[in-house]
Amino acid sequence: NSAEATAGRIVSLSTAMFDVYAARHPDKALAEVAQDFVNVIRGGFEQGYQEAQDILNSLGVLGEGSPIAQGIAKTFELVQKGYDDWLASKLAVTSDTSKETANA
């Protein structure tokens with residue numbers, strides 16, 4: 001239940017849908033599809049995070065110095081970093097593939 005474990009699950013489960021998303025956009029370059037995909041899943045995550053934060057605020061558990069507030073803030077940061085890292089790895093693979101194709 002740590003922030004790291006929760007963020008890891010969120011990132012891995014949401015990015016696992018990339019192949020399905022990419023298959024729906026065969027006319028776009030892989031780099032563009034990856035960027036669009038991250039924008040979609042990031043938007044969904046941020047909306048869900050805000051909704052959860054609103055609920056927890058209404059329950060009064062996110063006060064100053066709250067360990068719950070610290071935990072969800074850490075999770076938010078780690079998920080954002082996870083999406084950034086995932087996208088960077090996809091773009092690196094795309095770049096490497098483009099270089100190999102150009103050299104062939």
# chains A, B, ... in the order shown; residues from 1 in each chain; ligands from 1
>>> residues_around(residues="Ile10 (chain A)", least_positions_apart="3", cutoff="10 Å", atoms="only C-alpha atoms", output="list in words")
Glu4, Ala5, Thr6, Ala7, Leu13, Ser14, Thr15, Ala16, Phe45, Thr75, Leu78, Val79, Gly82 and Tyr83 of chain A
>>> closest_residue(among="A:Val40, A:Ala34, A:Ala3, A:Ala29", to="Asp85 (chain A)", atoms="only C-alpha atoms")
A:Ala34
>>> select_by_dssp(residues="region 26-80 of chain A", states="helix (DSSP H, G or I)", output="PyMOL selection string")
chain A and resi 30-58+67-80
>>> residues_around(residues="Leu87 (chain A)", least_positions_apart="2", cutoff="12 Å", atoms="only C-alpha atoms", output="PDB file with N, CA and C atoms, in the first residue's frame")
ATOM      1  N   VAL A  11       0.539   3.032 -13.101  1.00  0.00           N
ATOM      2  CA  VAL A  11       1.281   3.213 -14.350  1.00  0.00           C
ATOM      3  C   VAL A  11       1.264   1.935 -15.182  1.00  0.00           C
ATOM      4  N   THR A  15      -0.690   1.913 -18.762  1.00  0.00           N
ATOM      5  CA  THR A  15       0.142   1.851 -19.970  1.00  0.00           C
ATOM      6  C   THR A  15       0.014   0.518 -20.688  1.00  0.00           C
ATOM      7  N   PHE A  18      -1.677   0.392 -24.164  1.00  0.00           N
ATOM      8  CA  PHE A  18      -1.116   1.121 -25.306  1.00  0.00           C
ATOM      9  C   PHE A  18      -1.312   0.401 -26.635  1.00  0.00           C
ATOM     10  N   LEU A  30       4.172   6.374 -34.634  1.00  0.00           N
ATOM     11  CA  LEU A  30       4.206   5.801 -33.294  1.00  0.00           C
ATOM     12  C   LEU A  30       4.497   6.839 -32.217  1.00  0.00           C
ATOM     13  N   ALA A  31       5.382   7.779 -32.474  1.00  0.00           N
ATOM     14  CA  ALA A  31       5.708   8.814 -31.492  1.00  0.00           C
ATOM     15  C   ALA A  31       4.478   9.668 -31.183  1.00  0.00           C
ATOM     16  N   GLU A  32       3.726  10.006 -32.205  1.00  0.00           N
ATOM     17  CA  GLU A  32       2.511  10.802 -32.013  1.00  0.00           C
ATOM     18  C   GLU A  32       1.457  10.007 -31.246  1.00  0.00           C
ATOM     19  N   VAL A  33       1.313   8.744 -31.574  1.00  0.00           N
ATOM     20  CA  VAL A  33       0.355   7.887 -30.880  1.00  0.00           C
ATOM     21  C   VAL A  33       0.735   7.767 -29.405  1.00  0.00           C
ATOM     22  N   ALA A  34       2.017   7.578 -29.129  1.00  0.00           N
ATOM     23  CA  ALA A  34       2.468   7.449 -27.742  1.00  0.00           C
ATOM     24  C   ALA A  34       2.191   8.726 -26.962  1.00  0.00           C
ATOM     25  N   GLN A  35       2.463   9.882 -27.562  1.00  0.00           N
ATOM     26  CA  GLN A  35       2.211  11.157 -26.888  1.00  0.00           C
ATOM     27  C   GLN A  35       0.717  11.344 -26.634  1.00  0.00           C
ATOM     28  N   ASP A  36      -0.091  11.068 -27.642  1.00  0.00           N
ATOM     29  CA  ASP A  36      -1.543  11.185 -27.484  1.00  0.00           C
ATOM     30  C   ASP A  36      -2.048  10.244 -26.394  1.00  0.00           C
ATOM     31  N   PHE A  37      -1.531   9.033 -26.394  1.00  0.00           N
ATOM     32  CA  PHE A  37      -1.940   8.034 -25.400  1.00  0.00           C
ATOM     33  C   PHE A  37      -1.633   8.518 -23.986  1.00  0.00           C
ATOM     34  N   VAL A  38      -0.424   9.027 -23.782  1.00  0.00           N
ATOM     35  CA  VAL A  38      -0.057   9.513 -22.450  1.00  0.00           C
ATOM     36  C   VAL A  38      -0.945  10.691 -22.053  1.00  0.00           C
ATOM     37  N   ASN A  39      -1.266  11.549 -22.998  1.00  0.00           N
ATOM     38  CA  ASN A  39      -2.167  12.661 -22.686  1.00  0.00           C
ATOM     39  C   ASN A  39      -3.528  12.152 -22.214  1.00  0.00           C
ATOM     40  N   ILE A  41      -4.285   9.044 -20.860  1.00  0.00           N
ATOM     41  CA  ILE A  41      -4.251   8.352 -19.572  1.00  0.00           C
ATOM     42  C   ILE A  41      -3.869   9.309 -18.447  1.00  0.00           C
ATOM     43  N   ARG A  42      -3.030  10.287 -18.737  1.00  0.00           N
ATOM     44  CA  ARG A  42      -2.670  11.276 -17.720  1.00  0.00           C
ATOM     45  C   ARG A  42      -3.908  12.094 -17.336  1.00  0.00           C
ATOM     46  N   GLN A  80       3.041  10.621 -12.254  1.00  0.00           N
ATOM     47  CA  GLN A  80       3.437  11.570 -13.298  1.00  0.00           C
ATOM     48  C   GLN A  80       4.827  11.225 -13.831  1.00  0.00           C
ATOM     49  N   LYS A  81       5.753  10.932 -12.932  1.00  0.00           N
ATOM     50  CA  LYS A  81       7.103  10.550 -13.343  1.00  0.00           C
ATOM     51  C   LYS A  81       7.072   9.236 -14.126  1.00  0.00           C
ATOM     52  N   GLY A  82       6.237   8.295 -13.677  1.00  0.00           N
ATOM     53  CA  GLY A  82       6.104   7.021 -14.382  1.00  0.00           C
ATOM     54  C   GLY A  82       5.609   7.210 -15.804  1.00  0.00           C
ATOM     55  N   TYR A  83       4.641   8.095 -15.992  1.00  0.00           N
ATOM     56  CA  TYR A  83       4.148   8.377 -17.343  1.00  0.00           C
ATOM     57  C   TYR A  83       5.233   9.045 -18.182  1.00  0.00           C
ATOM     58  N   ASP A  84       5.961   9.984 -17.578  1.00  0.00           N
ATOM     59  CA  ASP A  84       7.049  10.644 -18.299  1.00  0.00           C
ATOM     60  C   ASP A  84       8.120   9.634 -18.718  1.00  0.00           C
ATOM     61  N   ASP A  85       8.482   8.760 -17.799  1.00  0.00           N
ATOM     62  CA  ASP A  85       9.508   7.743 -18.095  1.00  0.00           C
ATOM     63  C   ASP A  85       9.025   6.770 -19.164  1.00  0.00           C
ATOM     64  N   SER A  89      10.714   6.272 -22.859  1.00  0.00           N
ATOM     65  CA  SER A  89      11.197   4.981 -23.362  1.00  0.00           C
ATOM     66  C   SER A  89      10.551   4.644 -24.702  1.00  0.00           C
ATOM     67  N   LYS A  90       9.284   4.963 -24.874  1.00  0.00           N
ATOM     68  CA  LYS A  90       8.613   4.719 -26.165  1.00  0.00           C
ATOM     69  C   LYS A  90       9.225   5.595 -27.260  1.00  0.00           C
ATOM     70  N   LEU A  91       9.489   6.847 -26.930  1.00  0.00           N
ATOM     71  CA  LEU A  91      10.064   7.752 -27.925  1.00  0.00           C
ATOM     72  C   LEU A  91      11.488   7.343 -28.271  1.00  0.00           C
ATOM     73  N   ALA A  92      12.225   6.821 -27.309  1.00  0.00           N
ATOM     74  CA  ALA A  92      13.585   6.346 -27.576  1.00  0.00           C
ATOM     75  C   ALA A  92      13.556   5.146 -28.510  1.00  0.00           C
ATOM     76  N   VAL A  93      12.627   4.234 -28.278  1.00  0.00           N
ATOM     77  CA  VAL A  93      12.488   3.065 -29.151  1.00  0.00           C
ATOM     78  C   VAL A  93      12.090   3.509 -30.547  1.00  0.00           C
ATOM     79  N   THR A  94      11.177   4.453 -30.634  1.00  0.00           N
ATOM     80  CA  THR A  94      10.737   4.978 -31.922  1.00  0.00           C
ATOM     81  C   THR A  94      11.903   5.628 -32.657  1.00  0.00           C
TER      82      THR A  94
END
>>> atom_distance(atom1="CA of Ile55 (chain A)", atom2="CA of Lys74 (chain A)")
17.7 Å
>>> atom_distance(atom1="CA of Glu64 (chain A)", atom2="CA of Ala52 (chain A)")
17.2 Å
>>> atom_distance(atom1="CA of Met17 (chain A)", atom2="CA of Ala69 (chain A)")
28.9 Å
